[in-house]
Amino acid sequence: MFPPRRAGGGQALQPERDRVIDLARFFCLALVVVAHTMMVSPELHPDGTVTSNNTLGNERWFEPVVWVLQVMPLFFVAGGITGVQSWRRLRARGGNTFDFMQARMLRLIRPAAVLLALMFAGLWVAQLAGVDPQVVELIVAGAGMPLWFLAAYLAAQLNLPLLARLHARAPWLTLAVLTSLVVAVDCLRGTMPALAYLNMVFVWCAVQQLGFLLADGGPLAPGRPALAGIILGSNLVLGLLVWLGLYSGNMLVNLNPPNLTLLLLGFSQAATLQLFRPALARLGSLARVRRFVAAAGQRSMTVYLWHLPLLAAMSGLLLLTDFPQPLGGSAAWWWGRPLVLLALTGLLLPVLALFGRLEERPTSPATSPSRPAAAVVLAAVVVYVPVADAALNGLTLGLLGGGAACFALAVLLLGRIPVRLVADSGPGGSGPPLPRPPLSANVEP
């Protein structure tokens with residue numbers, strides 16, 4: 001899927017960019033941002049209490065819509081495609097598991113550490129200035145929603161080297177074992193609710209394996225009729241499980257913690273991506289589309305991390321003003337959604353200019369000495385301490401500050417990697433050079 005370009009002498013240069021993955025990621029991110037503007041709906045009650053309602057999620061008509069538009073599995077399919085390719089290139093250069101973990105954690109937690117620190121400082125000052133604690137907690141809760149994805153995606157990526165080795169030996173057996181673990185947790189979650197959070201790892205690692213299959217160009221790329229059969233079959237099984245009452249038909253309810261329904265959606269979306277790959281490739285090759293999507297993709301993690309905190313802050317602060325607050329789900333509320341999206345876009349632009357550059361710094365371990373394995377493992381533990389606490393007990397202002405400190409400590413443990421890209425593919429080199437920074441949004445080091 002990523003044939004290398006070659007110089008005149010036949011020397012391998014960087015892999016070709018996969019425009020289809022660019023488009024898939026852009027579509028998923030845009031859909032998530034738009035959907036969240038239709039979900040966040042804080043209400044100020046006459047007694048002074050503040051509640052937050054998921055207006056779109058509470059609409060019965062939305063259940064069949066979200067069945068189709070629940071694109072979170074597609075994020076992990078795309079992550080599996082680019083991740084396994086990155087792992088194989090790193091291995092070809094002599095890298096190891098801890099090098100891969102170091103690079104992945106730096107890419108993901110560096111932008112998150114800045115977000116958590118600034119949010120904690122801003123909300124702490126707001127609370128000292130007399131802002132209603134309920135409004136502060138509302139914004140804190142909004143900040144926690146994107147962090148679960150960061151934790152789940154990072155868990156899948158940290159397990160990628162092990163899963164890639166198992167995939168190389170027995171791809172279908174590996175997928176079957178992960179699926180069995182998902183089903184086992186689903187069966188036990190009724191008696192042991194906390195056990196359900198294990199599927200934050202098992203479900204998304206299984207979906208990531210589908211990306212491995214697509215990267216190999218094998219079992220999930222057999223032909224259009226077979227791909228259509230996979231799409232139809234996975235949705236029929238999903239429909240049967242919902243009809244039997246084993247799972248909710250609302251894919252927002254099934255999302256956190258995830259269950260088997262999200263894996264079935266992963267099969268459907270992986271096959272859909274492969275089915276429409278030729279058309280998407282033609283669309284992605286258009287110059288204007290290519291430039292726009294590539295620019296957006298370079299700072300996609302910043303958009304994802306910041307859009308909900310900004311939306312929650314904007315919604316919470318409006319409660320302190322006399323600005324009209326239509327009832328969630330009313331006609332006036334729906335008419336106001338385009339204005340909310342426009343305002344959110346305006347808030348995101350300066351944030352992208354200020355903090356988006358954190359995503360553009362290369363993170364390949366090949367450009368500096370590897371960190372000790374103990375430091376990399378300790379960084380992973382430090383990151384997941386506040387994440388586990390937030391998953392089990394909810395995110396609070398104090399935990400937000402503790403999380404910022406833990407993330408910053410993890411970045412220090414992982415070290416700083418210089419902005420130097422070494423082209424070592426000549427005689428004596430260990431492999432092709434890294435993609436230059438403009439390509440890092442898709443072909444990841």
# chains A, B, ... in the order shown; residues from 1 in each chain; ligands from 1

call {"tool": "residues_around", "arguments": {"residues": "A:Val71", "least_positions_apart": "5", "cutoff": "10 Å", "atoms": "only C-alpha atoms", "output": "compact mmCIF listing (two decimals) with N, CA and C atoms, in the first residue's frame"}}
result
# COMPACT_ATOMS: atom_id res chain seq x y z
N ALA A 24 -9.81 9.53 5.01
CA ALA A 24 -10.57 8.83 6.05
C ALA A 24 -10.42 9.54 7.39
N ARG A 25 -9.19 9.91 7.73
CA ARG A 25 -8.97 10.60 9.01
C ARG A 25 -9.64 11.97 9.03
N PHE A 27 -12.29 12.92 7.32
CA PHE A 27 -13.73 12.72 7.41
C PHE A 27 -14.14 12.38 8.84
N CYS A 28 -13.40 11.48 9.48
CA CYS A 28 -13.74 11.07 10.85
C CYS A 28 -13.65 12.26 11.80
N LEU A 29 -12.57 13.02 11.70
CA LEU A 29 -12.38 14.14 12.61
C LEU A 29 -13.45 15.21 12.40
N LEU A 31 -16.44 14.82 11.23
CA LEU A 31 -17.72 14.30 11.69
C LEU A 31 -17.81 14.34 13.21
N VAL A 32 -16.72 14.01 13.89
CA VAL A 32 -16.71 14.05 15.35
C VAL A 32 -16.93 15.47 15.87
N VAL A 66 -26.53 7.07 14.14
CA VAL A 66 -25.22 6.89 14.74
C VAL A 66 -24.68 5.48 14.47
N PHE A 76 -9.21 3.66 14.43
CA PHE A 76 -8.27 2.61 14.85
C PHE A 76 -7.86 1.73 13.67
N LEU A 262 -18.70 -2.53 18.67
CA LEU A 262 -17.73 -1.66 18.02
C LEU A 262 -16.76 -2.46 17.15
N LEU A 265 -18.67 -3.13 13.98
CA LEU A 265 -18.62 -1.92 13.16
C LEU A 265 -17.25 -1.76 12.52
N GLY A 266 -16.19 -2.17 13.23
CA GLY A 266 -14.85 -2.10 12.67
C GLY A 266 -14.72 -2.96 11.42
N GLN A 269 -16.57 -1.11 8.64
CA GLN A 269 -15.91 0.10 8.17
C GLN A 269 -14.60 -0.21 7.47

call {"tool": "residues_around", "arguments": {"residues": "A:Thr97", "least_positions_apart": "2", "cutoff": "10 Å", "atoms": "only C-alpha atoms", "output": "list in words"}}
result
Trp87, Leu90, Arg91, Gly95, Asp99, Phe100, Met101, Gln102, Leu158, Asn159, Leu160, Pro161, Leu162 and Ala373 of chain A

call {"tool": "closest_atom_pairs", "arguments": {"of": "stretch 48-114 of chain A", "to": "stretch 166-184 of chain A", "cutoff": "12 Å", "atoms": "only C-alpha atoms", "output": "JSON lines"}}
result
{"residue": "A:Gly80", "atom": "CA", "partner": "A:His167", "partner_atom": "CA", "distance": 11.7}
{"residue": "A:Val84", "atom": "CA", "partner": "A:His167", "partner_atom": "CA", "distance": 10.1}
{"residue": "A:Arg88", "atom": "CA", "partner": "A:Ala168", "partner_atom": "CA", "distance": 11.0}

call {"tool": "residues_around", "arguments": {"residues": "A:Ser315", "least_positions_apart": "6", "cutoff": "9 Å", "atoms": "only C-alpha atoms", "output": "ChimeraX atom specification"}}
result
/A:40-42,139

call {"tool": "atom_distance", "arguments": {"atom1": "atom CA of A:Trp335", "atom2": "atom CA of A:Met145"}}
result
24.8 Å

call {"tool": "atom_distance", "arguments": {"atom1": "atom CA of A:Trp333", "atom2": "atom CA of A:Leu320"}}
result
17.9 Å

call {"tool": "residues_around", "arguments": {"residues": "stretch 111-116 of chain A", "least_positions_apart": "4", "cutoff": "12 Å", "atoms": "only C-alpha atoms", "output": "number ranges by chain"}}
result
A: 105-107, 120-124, 140, 143-144, 146-151, 154, 299-310, 351-352, 354-361, 383, 386, 395-412
